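Colleague: To be precise about what I am sending: the file is called my_file.cif and holds mmCIF, C-alpha atoms (C1' of nucleotides).
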data_model
loop_
_atom_site.label_atom_id
_atom_site.label_comp_id
_atom_site.auth_asym_id
_atom_site.auth_seq_id
_atom_site.Cartn_x
_atom_site.Cartn_y
_atom_site.Cartn_z
CA MET A 1 77.51 94.12 86.95
CA PRO A 2 75.78 93.40 90.24
CA ARG A 3 79.18 93.75 91.83
CA LYS A 4 79.53 97.29 90.53
CA ARG A 5 76.07 98.17 91.66
CA THR A 6 76.76 96.95 95.14
CA ILE A 7 79.90 98.99 95.49
CA ASP A 8 78.12 102.02 94.13
CA GLY A 9 75.47 101.68 96.78
CA LYS A 10 78.07 101.58 99.53
CA VAL A 11 79.84 104.59 98.11
CA GLN A 12 76.60 106.53 98.07
CA ALA A 13 75.97 105.66 101.68
CA LEU A 14 79.44 106.79 102.69
CA ARG A 15 79.03 109.97 100.70
CA GLY A 16 75.80 110.68 102.49
CA PHE A 17 77.42 110.16 105.86
CA TYR A 18 80.26 112.48 104.98
CA ARG A 19 77.88 115.21 103.89
CA GLU A 20 76.27 115.16 107.28
CA GLU A 21 79.22 114.63 109.55
CA GLU A 22 82.15 115.90 107.49
CA ARG A 23 84.25 113.05 108.75
CA VAL A 24 85.04 109.46 108.01
CA PRO A 25 82.73 107.11 109.87
CA SER A 26 84.21 104.61 112.26
CA TYR A 27 84.07 100.94 111.41
CA ALA A 28 81.22 100.52 113.83
CA GLU A 29 79.30 103.28 112.10
CA MET A 30 79.95 101.86 108.68
CA LEU A 31 78.72 98.59 110.01
CA ALA A 32 75.30 100.05 110.58
CA LEU A 33 75.52 102.27 107.55
CA LEU A 34 76.31 99.54 105.06
CA GLY A 35 74.28 96.77 106.57
CA TYR A 36 77.18 94.55 107.56
CA ARG A 37 77.31 92.65 110.78
CA SER A 38 81.01 92.26 111.09
CA LYS A 39 83.73 94.82 111.29
CA ASN A 40 85.89 92.56 109.26
CA ALA A 41 83.56 93.02 106.30
CA VAL A 42 84.06 96.74 106.65
CA HIS A 43 87.78 96.30 106.93
CA ARG A 44 87.83 94.37 103.69
CA LEU A 45 85.60 96.84 101.95
CA MET A 46 87.94 99.66 102.81
CA GLY A 47 90.73 97.75 101.18
CA VAL A 48 88.69 97.51 98.02
CA LEU A 49 87.70 101.15 98.13
CA GLU A 50 91.32 102.10 98.57
CA GLY A 51 92.11 100.22 95.40
CA LEU A 52 89.35 102.06 93.61
CA GLY A 53 90.63 105.42 94.81
CA TYR A 54 87.68 106.30 96.98
CA VAL A 55 89.62 106.31 100.21
CA ARG A 56 93.22 106.59 101.18
CA ARG A 57 95.30 106.45 104.30
CA GLY A 58 96.58 109.74 105.58
CA PRO A 59 100.15 110.22 106.72
CA SER A 60 99.12 108.99 110.14
CA GLY A 61 97.65 105.81 108.76
CA LYS A 62 94.05 106.72 109.40
CA TRP A 63 91.46 106.64 106.69
CA ALA A 64 90.60 109.73 104.69
CA PHE A 65 88.05 110.06 101.92
CA THR A 66 89.33 111.29 98.60
CA ARG A 67 87.65 113.92 96.44
CA ARG A 68 86.18 111.06 94.51
CA LEU A 69 84.02 110.47 97.53
CA THR A 70 83.69 113.88 99.14
CA GLY A 71 83.65 116.01 96.01
CA SER A 72 80.25 117.30 95.19
CA ILE A 73 80.39 118.09 91.53
CA LYS A 74 80.33 115.67 88.68
CA LEU A 75 82.31 116.90 85.74
CA LEU A 76 81.10 115.94 82.30
CA GLY A 77 82.50 116.38 78.85
CA LEU A 78 81.48 118.80 76.18
CA VAL A 79 77.90 119.67 75.51
CA GLN A 80 77.99 118.23 72.05
CA ALA A 81 79.14 114.92 73.38
CA GLY A 82 75.57 114.44 74.44
CA PHE A 83 73.73 114.99 77.64
CA PRO A 84 73.63 112.52 80.46
CA SER A 85 70.39 110.77 81.12
CA PRO A 86 69.89 110.21 84.83
CA ALA A 87 70.26 106.50 84.19
CA GLU A 88 73.52 105.98 82.40
CA GLU A 89 75.26 109.04 83.68
CA GLU A 90 78.83 108.22 82.88
CA LEU A 91 80.89 110.74 84.72
CA VAL A 92 84.29 111.89 83.71
CA ASP A 93 85.43 112.90 87.15
CA VAL A 94 84.30 114.26 90.45
CA LEU A 95 86.00 117.42 91.53
CA SER A 96 86.09 119.95 94.27
CA LEU A 97 85.99 123.50 93.01
CA ASP A 98 88.15 124.64 95.88
CA GLU A 99 90.85 122.21 94.99
CA TYR A 100 90.48 122.86 91.31
CA LEU A 101 90.73 126.62 91.49
CA VAL A 102 92.93 127.29 94.49
CA ARG A 103 96.57 126.43 94.36
CA ARG A 104 97.88 128.32 97.36
CA PRO A 105 95.04 128.72 99.84
CA GLU A 106 96.93 130.99 102.18
CA ALA A 107 97.61 133.50 99.41
CA THR A 108 94.24 133.35 97.69
CA PHE A 109 91.16 135.41 98.30
CA MET A 110 88.05 136.57 96.53
CA LEU A 111 86.38 139.85 96.03
CA THR A 112 83.37 141.16 94.24
CA VAL A 113 83.86 143.03 91.01
CA SER A 114 82.38 146.47 90.61
CA GLY A 115 82.60 148.40 87.41
CA ASP A 116 82.55 147.13 83.87
CA SER A 117 86.07 147.85 82.72
CA MET A 118 86.72 144.17 82.00
CA ILE A 119 83.32 143.28 80.62
CA GLU A 120 84.61 142.23 77.24
CA ALA A 121 86.77 139.68 78.97
CA GLY A 122 83.62 138.21 80.42
CA ILE A 123 84.08 139.77 83.83
CA HIS A 124 80.88 141.50 84.81
CA PRO A 125 79.98 143.68 87.79
CA GLY A 126 78.96 141.45 90.67
CA ASP A 127 81.17 138.57 89.61
CA LEU A 128 83.60 137.11 92.07
CA VAL A 129 87.25 137.07 91.15
CA LEU A 130 89.71 134.72 92.72
CA ILE A 131 93.00 136.43 93.28
CA GLU A 132 96.37 134.99 94.09
CA LYS A 133 98.83 137.26 95.79
CA GLY A 134 102.56 137.31 95.53
CA ARG A 135 102.72 136.00 92.01
CA THR A 136 104.52 137.94 89.33
CA PRO A 137 102.11 138.73 86.53
CA ARG A 138 102.85 137.70 83.00
CA ASN A 139 101.73 139.50 79.91
CA ASN A 140 98.02 139.28 79.27
CA ASP A 141 97.30 138.22 82.84
CA ILE A 142 94.45 140.04 84.47
CA VAL A 143 95.68 141.77 87.58
CA ILE A 144 94.27 143.85 90.34
CA ALA A 145 96.40 146.95 90.52
CA GLN A 146 96.54 150.15 92.46
CA VAL A 147 97.19 153.12 90.24
CA ASP A 148 97.35 156.54 91.78
CA GLY A 149 95.41 155.41 94.81
CA GLU A 150 92.65 153.44 93.16
CA TRP A 151 92.27 149.71 92.73
CA THR A 152 91.15 148.30 89.40
CA LEU A 153 91.12 145.16 87.33
CA LYS A 154 93.10 145.37 84.10
CA TYR A 155 95.10 143.38 81.61
CA TYR A 156 98.80 143.52 82.41
CA HIS A 157 101.34 144.30 79.72
CA LYS A 158 105.04 144.93 80.02
CA ASP A 159 107.13 145.73 76.98
CA ARG A 160 110.81 145.06 76.44
CA LYS A 161 111.85 148.33 77.98
CA GLY A 162 110.10 147.38 81.20
CA CYS A 163 107.34 149.87 80.61
CA VAL A 164 104.05 148.64 82.06
CA ARG A 165 100.63 149.46 80.72
CA LEU A 166 97.26 148.36 82.02
CA GLU A 167 94.57 147.75 79.45
CA PRO A 168 90.85 147.52 80.10
CA ALA A 169 88.57 145.18 78.21
CA ASN A 170 86.05 147.86 77.42
CA LYS A 171 86.21 150.39 74.60
CA ASN A 172 84.85 153.11 76.84
CA TYR A 173 87.93 152.99 79.02
CA THR A 174 91.45 153.95 78.14
CA THR A 175 94.76 152.24 78.63
CA ILE A 176 96.51 153.25 81.77
CA ILE A 177 100.23 153.93 81.88
CA PRO A 178 101.12 154.35 85.52
CA LYS A 179 103.00 157.55 86.19
CA GLN A 180 103.60 157.66 89.88
CA SER A 181 103.11 154.38 91.57
CA LEU A 182 101.99 150.96 90.52
CA THR A 183 101.13 148.28 93.00
CA ILE A 184 100.07 144.86 91.84
CA GLY A 185 97.73 143.34 94.36
CA GLY A 186 97.56 139.98 92.73
CA VAL A 187 96.77 138.01 89.64
CA VAL A 188 93.26 136.92 88.77
CA ARG A 189 93.22 133.14 88.68
CA ALA A 190 89.53 132.54 88.17
CA VAL A 191 86.16 134.17 87.77
CA VAL A 192 83.01 132.88 89.40
CA ARG A 193 79.51 134.04 88.69
CA LYS A 194 76.53 132.76 90.62
CA TYR A 195 73.00 133.30 89.38
CA GLU A 196 70.13 134.38 91.63
CA MET B 1 95.44 141.01 122.11
CA PRO B 2 97.90 138.30 123.18
CA ARG B 3 94.87 136.12 123.86
CA LYS B 4 93.65 136.55 120.28
CA ARG B 5 97.06 135.83 118.91
CA THR B 6 97.28 132.63 120.87
CA ILE B 7 93.96 131.37 119.59
CA ASP B 8 94.95 132.33 116.05
CA GLY B 9 98.08 130.28 116.36
CA LYS B 10 96.13 127.25 117.48
CA VAL B 11 93.67 127.68 114.65
CA GLN B 12 96.49 127.84 112.14
CA ALA B 13 97.96 124.65 113.51
CA LEU B 14 94.63 122.87 113.25
CA ARG B 15 94.12 124.18 109.75
CA GLY B 16 97.50 122.81 108.77
CA PHE B 17 96.68 119.43 110.19
CA TYR B 18 93.38 119.33 108.35
CA ARG B 19 95.04 120.19 105.06
CA GLU B 20 97.29 117.20 105.41
CA GLU B 21 94.96 114.64 106.90
CA GLU B 22 91.53 115.88 105.89
CA ARG B 23 90.19 114.92 109.26
CA VAL B 24 89.85 116.27 112.75
CA PRO B 25 92.82 115.35 114.90
CA SER B 26 92.26 113.34 118.03
CA TYR B 27 92.81 114.94 121.40
CA ALA B 28 96.12 113.18 121.67
CA GLU B 29 97.20 114.57 118.35
CA MET B 30 96.09 118.06 119.23
CA LEU B 31 98.04 117.70 122.39
CA ALA B 32 101.24 117.37 120.43
CA LEU B 33 100.09 119.79 117.78
CA LEU B 34 99.24 122.63 120.11
CA GLY B 35 101.92 122.10 122.69
CA TYR B 36 99.67 121.18 125.56
CA ARG B 37 100.50 118.47 128.00
CA SER B 38 97.03 117.63 129.14
CA LYS B 39 94.05 116.44 127.22
CA ASN B 40 91.90 118.51 129.45
CA ALA B 41 93.51 121.64 128.05
CA VAL B 42 92.53 120.44 124.60
CA HIS B 43 89.05 119.64 125.77
CA ARG B 44 88.63 123.17 127.08
CA LEU B 45 90.08 124.70 123.94
CA MET B 46 87.56 122.87 121.81
CA GLY B 47 84.83 124.39 123.90
CA VAL B 48 86.21 127.82 123.18
CA LEU B 49 86.62 127.12 119.48
CA GLU B 50 83.06 125.90 119.36
CA GLY B 51 81.95 129.22 120.76
CA LEU B 52 83.98 131.00 118.11
CA GLY B 53 82.44 128.91 115.37
CA TYR B 54 85.59 127.13 114.32
CA VAL B 55 84.36 123.70 115.28
CA ARG B 56 81.01 122.13 115.89
CA ARG B 57 79.66 118.83 117.02
CA GLY B 58 78.15 116.69 114.32
CA PRO B 59 74.86 114.89 114.76
CA SER B 60 76.73 112.02 116.37
CA GLY B 61 78.40 114.25 118.92
CA LYS B 62 81.85 114.05 117.42
CA TRP B 63 83.83 117.09 116.49
CA ALA B 64 83.78 118.51 113.00
CA PHE B 65 85.64 121.51 111.68
CA THR B 66 83.53 124.24 110.14
CA ARG B 67 84.27 126.02 106.88
CA ARG B 68 85.77 128.73 109.01
CA LEU B 69 88.59 126.33 109.65
CA THR B 70 88.64 124.12 106.59
CA GLY B 71 87.59 126.67 103.99
CA SER B 72 90.36 127.85 101.82
CA ILE B 73 89.22 131.14 100.41
CA LYS B 74 89.07 134.43 102.16
CA LEU B 75 86.23 136.59 100.92
CA LEU B 76 86.77 140.32 100.92
CA GLY B 77 84.54 143.26 100.20
CA LEU B 78 84.40 145.43 97.13
CA VAL B 79 87.48 146.55 95.31
CA GLN B 80 86.83 150.17 96.05
CA ALA B 81 86.70 149.46 99.73
CA GLY B 82 90.44 149.26 99.56
CA PHE B 83 92.85 146.44 99.21
CA PRO B 84 94.08 144.35 102.09
CA SER B 85 97.64 144.69 103.13
CA PRO B 86 99.07 141.38 104.21
CA ALA B 87 99.27 142.74 107.70
CA GLU B 88 95.84 144.00 108.63
CA GLU B 89 93.93 141.73 106.33
CA GLU B 90 90.45 142.04 107.77
CA LEU B 91 88.50 139.26 106.25
CA VAL B 92 84.78 139.28 105.75
CA ASP B 93 84.34 135.55 105.70
CA VAL B 94 85.96 132.30 104.73
CA LEU B 95 83.99 130.25 102.31
CA SER B 96 84.05 127.06 100.38
CA LEU B 97 83.20 127.47 96.75
CA ASP B 98 81.58 124.08 96.67
CA GLU B 99 79.25 124.97 99.46
CA TYR B 100 78.63 128.42 98.07
CA LEU B 101 77.73 127.33 94.57
CA VAL B 102 76.19 123.92 94.99
CA ARG B 103 72.84 123.55 96.64
CA ARG B 104 71.92 120.00 95.67
CA PRO B 105 75.13 118.09 95.08
CA GLU B 106 73.44 114.98 93.78
CA ALA B 107 71.69 116.93 91.04
CA THR B 108 74.54 119.22 90.11
CA PHE B 109 77.24 118.75 87.54
CA MET B 110 79.59 120.75 85.38
CA LEU B 111 80.44 120.80 81.77
CA THR B 112 82.66 122.75 79.51
CA VAL B 113 81.09 125.33 77.25
CA SER B 114 81.74 125.17 73.55
CA GLY B 115 80.43 127.76 71.19
CA ASP B 116 79.90 131.43 71.73
CA SER B 117 76.13 131.71 71.65
CA MET B 118 76.04 133.13 75.18
CA ILE B 119 79.12 135.28 74.98
CA GLU B 120 77.31 138.52 75.66
CA ALA B 121 76.12 137.05 78.92
CA GLY B 122 79.76 136.59 79.84
CA ILE B 123 79.82 132.87 79.10
CA HIS B 124 82.78 132.14 76.88
CA PRO B 125 83.93 128.99 75.14
CA GLY B 126 85.95 126.91 77.55
CA ASP B 127 84.16 128.19 80.62
CA LEU B 128 82.71 125.70 83.03
CA VAL B 129 79.01 125.93 83.74
CA LEU B 130 77.46 124.50 86.84
CA ILE B 131 74.12 122.97 86.08
CA GLU B 132 71.35 121.90 88.39
CA LYS B 133 68.98 119.29 87.08
CA GLY B 134 65.33 118.85 87.86
CA ARG B 135 64.62 122.47 88.52
CA THR B 136 61.90 124.25 86.60
CA PRO B 137 63.42 127.21 84.79
CA ARG B 138 62.10 130.68 85.30
CA ASN B 139 62.11 133.41 82.72
CA ASN B 140 65.56 134.75 81.95
CA ASP B 141 67.26 131.74 83.45
CA ILE B 142 70.02 130.29 81.35
CA VAL B 143 69.23 126.69 80.57
CA ILE B 144 70.82 123.83 78.74
CA ALA B 145 68.25 122.56 76.31
CA GLN B 146 67.97 119.93 73.65
CA VAL B 147 66.24 121.26 70.58
CA ASP B 148 65.79 118.96 67.63
CA GLY B 149 68.56 116.71 68.77
CA GLU B 150 71.21 119.24 69.71
CA TRP B 151 72.18 120.58 73.12
CA THR B 152 72.73 124.30 73.60
CA LEU B 153 72.88 127.00 76.22
CA LYS B 154 70.22 129.67 75.89
CA TYR B 155 68.11 132.13 77.80
CA TYR B 156 64.74 130.65 78.67
CA HIS B 157 61.53 132.56 78.02
CA LYS B 158 57.96 131.45 78.32
CA ASP B 159 55.11 133.78 77.48
CA ARG B 160 51.61 133.78 78.90
CA LYS B 161 50.32 131.38 76.29
CA GLY B 162 52.89 128.82 77.36
CA CYS B 163 54.96 129.35 74.26
CA VAL B 164 58.66 128.84 74.94
CA ARG B 165 61.47 130.56 73.14
CA LEU B 166 65.20 130.20 73.62
CA GLU B 167 67.27 133.30 73.12
CA PRO B 168 71.00 133.42 72.58
CA ALA B 169 73.21 136.17 73.95
CA ASN B 170 74.90 136.79 70.65
CA LYS B 171 73.61 138.87 67.78
CA ASN B 172 74.91 136.38 65.25
CA TYR B 173 72.51 133.74 66.50
CA THR B 174 68.76 133.73 66.22
CA THR B 175 66.04 133.05 68.71
CA ILE B 176 64.89 129.46 68.73
CA ILE B 177 61.26 128.53 68.97
CA PRO B 178 61.16 124.79 69.43
CA LYS B 179 58.89 123.05 66.96
CA GLN B 180 59.21 119.39 67.63
CA SER B 181 60.69 118.61 70.96
CA LEU B 182 62.15 120.60 73.79
CA THR B 183 64.06 119.01 76.62
CA ILE B 184 65.44 121.09 79.41
CA GLY B 185 68.55 119.47 80.78
CA GLY B 186 68.97 121.83 83.65
CA VAL B 187 69.38 125.39 84.79
CA VAL B 188 72.74 127.12 84.85
CA ARG B 189 73.47 128.08 88.43
CA ALA B 190 76.99 129.37 88.05
CA VAL B 191 79.82 130.02 85.65
CA VAL B 192 83.44 129.33 86.46
CA ARG B 193 86.39 130.41 84.42
CA LYS B 194 89.92 129.41 85.31
CA TYR B 195 92.91 131.12 83.77
CA GLU B 196 95.95 129.27 82.47
"C1'" DG C 1 98.15 140.93 149.67
"C1'" DT C 2 94.16 138.62 149.14
"C1'" DT C 3 90.58 136.93 146.27
"C1'" DG C 4 88.39 134.95 142.24
"C1'" DA C 5 88.50 133.59 137.60
"C1'" DT C 6 91.07 131.49 133.94
"C1'" DT C 7 94.05 128.07 132.09
"C1'" DG C 8 96.99 124.06 132.18
"C1'" DT C 9 98.53 119.55 134.65
"C1'" DG C 10 98.36 114.69 135.62
"C1'" DA C 11 95.97 110.63 136.43
"C1'" DA C 12 92.12 107.77 135.92
"C1'" DC C 13 87.75 105.83 133.84
"C1'" DG C 14 84.85 103.01 130.70
"C1'" DA C 15 83.89 103.20 125.86
"C1'" DT C 16 85.12 102.72 121.45
"C1'" DC C 17 88.59 102.19 118.23
"C1'" DG C 18 91.00 99.30 114.23
"C1'" DT C 19 92.84 94.98 113.52
"C1'" DT C 20 93.16 90.09 113.35
"C1'" DC C 21 91.89 85.57 114.32
"C1'" DA C 22 89.20 81.05 112.82
"C1'" DC C 23 85.12 79.73 110.82
"C1'" DG C 24 80.53 79.66 107.91
"C1'" DT C 25 78.24 80.32 103.49
"C1'" DA C 26 77.53 81.52 99.31
"C1'" DT C 27 78.99 81.81 94.19
"C1'" DG C 28 81.20 80.40 89.98
"C1'" DC C 29 84.09 77.38 87.11
"C1'" DT C 30 85.34 72.99 85.17
"C1'" DA D 1 79.55 66.96 91.57
"C1'" DG D 2 83.61 68.87 93.37
"C1'" DC D 3 86.62 72.34 94.35
"C1'" DA D 4 88.39 77.07 94.78
"C1'" DT D 5 87.66 81.65 95.55
"C1'" DA D 6 85.27 85.40 97.37
"C1'" DC D 7 82.65 87.44 100.94
"C1'" DG D 8 80.44 87.85 105.42
"C1'" DT D 9 80.24 86.35 110.58
"C1'" DG D 10 81.39 86.57 115.38
"C1'" DA D 11 84.54 86.94 118.95
"C1'" DA D 12 88.62 88.60 120.82
"C1'" DC D 13 92.80 91.68 121.45
"C1'" DG D 14 95.46 95.72 123.02
"C1'" DA D 15 95.45 100.51 121.78
"C1'" DT D 16 93.48 104.70 121.65
"C1'" DC D 17 89.57 107.34 122.26
"C1'" DG D 18 86.89 111.42 124.81
"C1'" DT D 19 85.62 112.72 129.23
"C1'" DT D 20 86.08 113.87 133.97
"C1'" DC D 21 88.23 114.19 138.28
"C1'" DA D 22 91.09 117.21 141.84
"C1'" DC D 23 94.77 120.33 142.03
"C1'" DA D 24 98.62 123.77 140.62
"C1'" DA D 25 99.97 127.96 138.22
"C1'" DT D 26 98.93 132.38 136.32
"C1'" DC D 27 96.79 136.76 135.98
"C1'" DA D 28 93.76 140.82 136.98
"C1'" DA D 29 91.12 143.53 140.08
"C1'" DC D 30 90.51 145.67 144.24
#
I'd like the structure from this file rewritten - as structure tokens, please.

Modeller:
Amino acid sequence: MPRKRTIDGKVQALRGFYREEERVPSYAEMLALLGYRSKNAVHRLMGVLEGLGYVRRGPSGKWAFTRRLTGSIKLLGLVQAGFPSPAEEELVDVLSLDEYLVRRPEATFMLTVSGDSMIEAGIHPGDLVLIEKGRTPRNNDIVIAQVDGEWTLKYYHKDRKGCVRLEPANKNYTTIIPKQSLTIGGVVRAVVRKYE
Amino acid sequence: MPRKRTIDGKVQALRGFYREEERVPSYAEMLALLGYRSKNAVHRLMGVLEGLGYVRRGPSGKWAFTRRLTGSIKLLGLVQAGFPSPAEEELVDVLSLDEYLVRRPEATFMLTVSGDSMIEAGIHPGDLVLIEKGRTPRNNDIVIAQVDGEWTLKYYHKDRKGCVRLEPANKNYTTIIPKQSLTIGGVVRAVVRKYE
DNA sequence: GTTGATTGTGAACGATCGTTCACGTATGCT
DNA sequence: AGCATACGTGAACGATCGTTCACAATCAAC
């Protein structure tokens, strides 16, 4: 167990460095950071960390930290499974929200929701929606669409005849069946709401 | 305008490199990457990019890429403001969700919601909630609390007499007034829902 | 056409880089 | 005790690093 604890300490130190510098420290820097006095010790440690999945070598052969090290959010299980005490905090995984939510960065963007037409789907005014462009919507996807000049969020439905209808998730709104033009801006891939 | 286009091209190249290597390229690498033949050209370019906010020097003096370069999500304005055509895509900002949502990484974690007691607050079963520990809840905050042995998400309310009550956002549930013990696990800072 | 500012070239510098030696010094097992 | 393994030390290596020269090419303004 002391072995584990030692490694954990090192990892924390590296994580702290990365938070500040957003880069992998050089061996010389790790030397000071981890309390070693020989670069060789660092070299060996990196080998171990590579085995543990904390670091990897990039295509060029240089070190890169993995999400395991750089990621900032600890993902836990279900609420019922119990709540972590600060002591024994057994984490399921560490993830980066960006990586988790965004598949094609160049085609993804966010915008702020206004209006409550999708409120029963849990999309409230002020929420951020993550939209992926250039993806053909499937039935029941939430899309951002331009109908007769106005952009809105709606459920996408296409029946067998190819007839498209856009359904809100709010009883006060009505289903839209585009007459003139229908432009799909993108498919909603995620919703993010931040409090305060 | 050709000037702008040139810089944009360089930025794209650097962004591509970062996606692959997750690190800042060396001058020599940028040399090849950007088509220069002199390191000095690179050196100058970095100065320019620093002015534009694409790169910055870390505390140690080494280069680091800013979110502007590494961030993967383009943030746009309101829906009504119009929708971006791929061409003139005028972006408001580029952000990292991690940075945007997480203030204290070491005290933040996520878990999956089960149960529908907060559904009227737009928190559905299966959603991810981002929780910050060690933060004293204010009225109307959503907290994760342990009442009589079970963990739940609820609105937090404390009246002037110091009496705490936990309110669900679902008519089918009742307000909880803790009798024995009340442990606040943390305050919900954000909700994330991913489709598919 | 001349001038001045911008931008890239090419070579050079000491500093730092990652890697690899051979060699101590613990620690743990039988 | 004795031995083997694991882990850190210290020094050395060539390679690559970022920075800085002086100078050439390009462009715009007048």

Colleague: Determine the residue membership of the PyMOL selection byres ((chain B and resi 49) around 12) for the file above and supply it as a list in words.

Modeller: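 Evaluating the PyMOL selection byres ((chain B and resi 49) around 12) on these coordinates yields Lys4, Ile7, Asp8, Lys10, Val11, Leu14, Val42, His43, Arg44, Leu45, Met46, Gly47, Val48, Glu50, Gly51, Leu52, Gly53, Tyr54, Val55, Arg56, Arg57, Trp63, Ala64, Phe65, Thr66, Arg68 and Leu69 of chain B.
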
Colleague: Write out as a PDB file with C-alpha atoms (C1' of nucleotides), in the frame of the given file the residues lying within 12 Å of D:DA6, counting all atoms listed in the file and excluding same-chain residues fewer than 4 positions away.

Modeller:
ATOM      1  CA  ARG A   3      79.180  93.750  91.830  1.00  0.00           C
ATOM      2  CA  ALA A  41      83.560  93.020 106.300  1.00  0.00           C
ATOM      3  CA  ARG A  44      87.830  94.370 103.690  1.00  0.00           C
TER       4      ARG A  44
ATOM      5  C1'  DT C  25      78.240  80.320 103.490  1.00  0.00           C
ATOM      6  C1'  DA C  26      77.530  81.520  99.310  1.00  0.00           C
ATOM      7  C1'  DT C  27      78.990  81.810  94.190  1.00  0.00           C
ATOM      8  C1'  DG C  28      81.200  80.400  89.980  1.00  0.00           C
TER       9       DG C  28
END

Colleague: Need the neighbours of (81.2, 83.6, 105.0): which residues are at most 6 Å away, counting all atoms listed in the file, as a ChimeraX atom specification?

Modeller: /C:24-25 /D:7-8

Colleague: Expressed in Å to a single decimal, how great is the separation between atom CA of A:Val191 and atom CA of B:Pro168?

Modeller: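 Going from atom CA of A:Val191 over to atom CA of B:Pro168 covers 21.5 Å.
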
Colleague: List the residues matched by the PyMOL selection byres ((chain B) within 7 of (chain A)) in the displayed structure as a PyMOL selection string, ordered by chain and then by residue number.

Modeller: chain B and resi 21-23+58-59+64+72-80+96-98+101+105+108-114+122-123+151+189-195

Colleague: Report the distance between atom CA of B:Ser38 and atom C1' of D:DG14 in Å, rounded to one decimal place.

Modeller: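 Straight-line distance from atom CA of B:Ser38 to atom C1' of D:DG14 works out to 22.8 Å.
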
Colleague: Name the residues that the PyMOL selection byres ((chain C and resi 12) around 12) picks from the file above, as a PyMOL selection string, using the file's chain letters and numbers.

Modeller: (chain C and resi 10-11+13-14) or (chain D and resi 19-22)

Colleague: Would you mind listing what lies within 9 Å of C:DG8 as a CSV table (one decimal) with C-alpha atoms (C1' of nucleotides), in the coordinates of the input, with only C-alpha atoms (C1' of nucleotides) counted and same-chain residues fewer than 4 positions away left out?

Modeller:
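Writing the result to part_7.csv gives the following:
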chain,number,residue,atom,x,y,z
B,36,TYR,CA,99.7,121.2,125.6
B,37,ARG,CA,100.5,118.5,128.0
B,38,SER,CA,97.0,117.6,129.1
B,40,ASN,CA,91.9,118.5,129.4
B,41,ALA,CA,93.5,121.6,128.0
D,24,DA,C1',98.6,123.8,140.6
D,25,DA,C1',100.0,128.0,138.2

Colleague: What is the distance between atom CA of B:Pro125 and atom CA of B:Thr183, in Å to one decimal?

Modeller: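 Calculated distance between atom CA of B:Pro125 and atom CA of B:Thr183 is 22.3 Å.
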
Colleague: Extract, using only C-alpha atoms (C1' of nucleotides), all DNA, RNA and protein residues at most 9 Å from B:Ala13, discarding same-chain residues fewer than 4 positions from it, and format them as a list in words.

Modeller: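 Contacts, in chain order: Asp8, Gly9, Phe17, Tyr18, Met30, Leu33 and Leu34 of chain B.
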
Colleague: Find the spatial neighbours of B:Asn139, counting only C-alpha atoms (C1' of nucleotides), within a cut-off of 8 Å - ignore same-chain residues fewer than 4 positions away - and output them as a list in words.

Modeller: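 Selected residues are Tyr155, Tyr156, His157 and Lys158 of chain B.
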
Colleague: Using the block above, I'd like chain C written out, keeping C-alpha atoms (C1' of nucleotides) and formatting it as a PDB file, in the first residue's frame.

Modeller:
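Dumped to selection_0.pdb:
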ATOM      1  C1'  DG C   1      12.246  55.940 -57.199  1.00  0.00           C
ATOM      2  C1'  DT C   2      13.365  56.277 -52.709  1.00  0.00           C
ATOM      3  C1'  DT C   3      12.407  55.349 -48.000  1.00  0.00           C
ATOM      4  C1'  DG C   4      10.879  52.814 -43.980  1.00  0.00           C
ATOM      5  C1'  DA C   5       8.539  49.094 -41.962  1.00  0.00           C
ATOM      6  C1'  DT C   6       7.491  44.259 -42.104  1.00  0.00           C
ATOM      7  C1'  DT C   7       8.680  39.542 -42.710  1.00  0.00           C
ATOM      8  C1'  DG C   8      11.652  35.698 -43.720  1.00  0.00           C
ATOM      9  C1'  DT C   9      16.625  33.724 -44.158  1.00  0.00           C
ATOM     10  C1'  DG C  10      20.726  31.504 -42.475  1.00  0.00           C
ATOM     11  C1'  DA C  11      24.084  30.795 -39.145  1.00  0.00           C
ATOM     12  C1'  DA C  12      25.621  30.754 -34.579  1.00  0.00           C
ATOM     13  C1'  DC C  13      25.376  30.561 -29.374  1.00  0.00           C
ATOM     14  C1'  DG C  14      25.032  28.434 -24.726  1.00  0.00           C
ATOM     15  C1'  DA C  15      21.441  26.066 -22.307  1.00  0.00           C
ATOM     16  C1'  DT C  16      18.677  22.437 -21.669  1.00  0.00           C
ATOM     17  C1'  DC C  17      16.872  18.356 -23.336  1.00  0.00           C
ATOM     18  C1'  DG C  18      16.140  12.928 -22.914  1.00  0.00           C
ATOM     19  C1'  DT C  19      18.727   8.961 -22.591  1.00  0.00           C
ATOM     20  C1'  DT C  20      22.061   5.771 -20.927  1.00  0.00           C
ATOM     21  C1'  DC C  21      25.891   4.312 -18.439  1.00  0.00           C
ATOM     22  C1'  DA C  22      27.922   2.078 -13.880  1.00  0.00           C
ATOM     23  C1'  DC C  23      27.304   2.149  -9.184  1.00  0.00           C
ATOM     24  C1'  DG C  24      25.149   2.682  -4.230  1.00  0.00           C
ATOM     25  C1'  DT C  25      21.470   1.533  -1.003  1.00  0.00           C
ATOM     26  C1'  DA C  26      17.637   0.048   0.581  1.00  0.00           C
ATOM     27  C1'  DT C  27      13.842  -3.675   0.978  1.00  0.00           C
ATOM     28  C1'  DG C  28      11.913  -8.248   1.072  1.00  0.00           C
ATOM     29  C1'  DC C  29      12.086 -13.304   0.731  1.00  0.00           C
ATOM     30  C1'  DT C  30      13.841 -17.763   2.018  1.00  0.00           C
TER      31       DT C  30
END
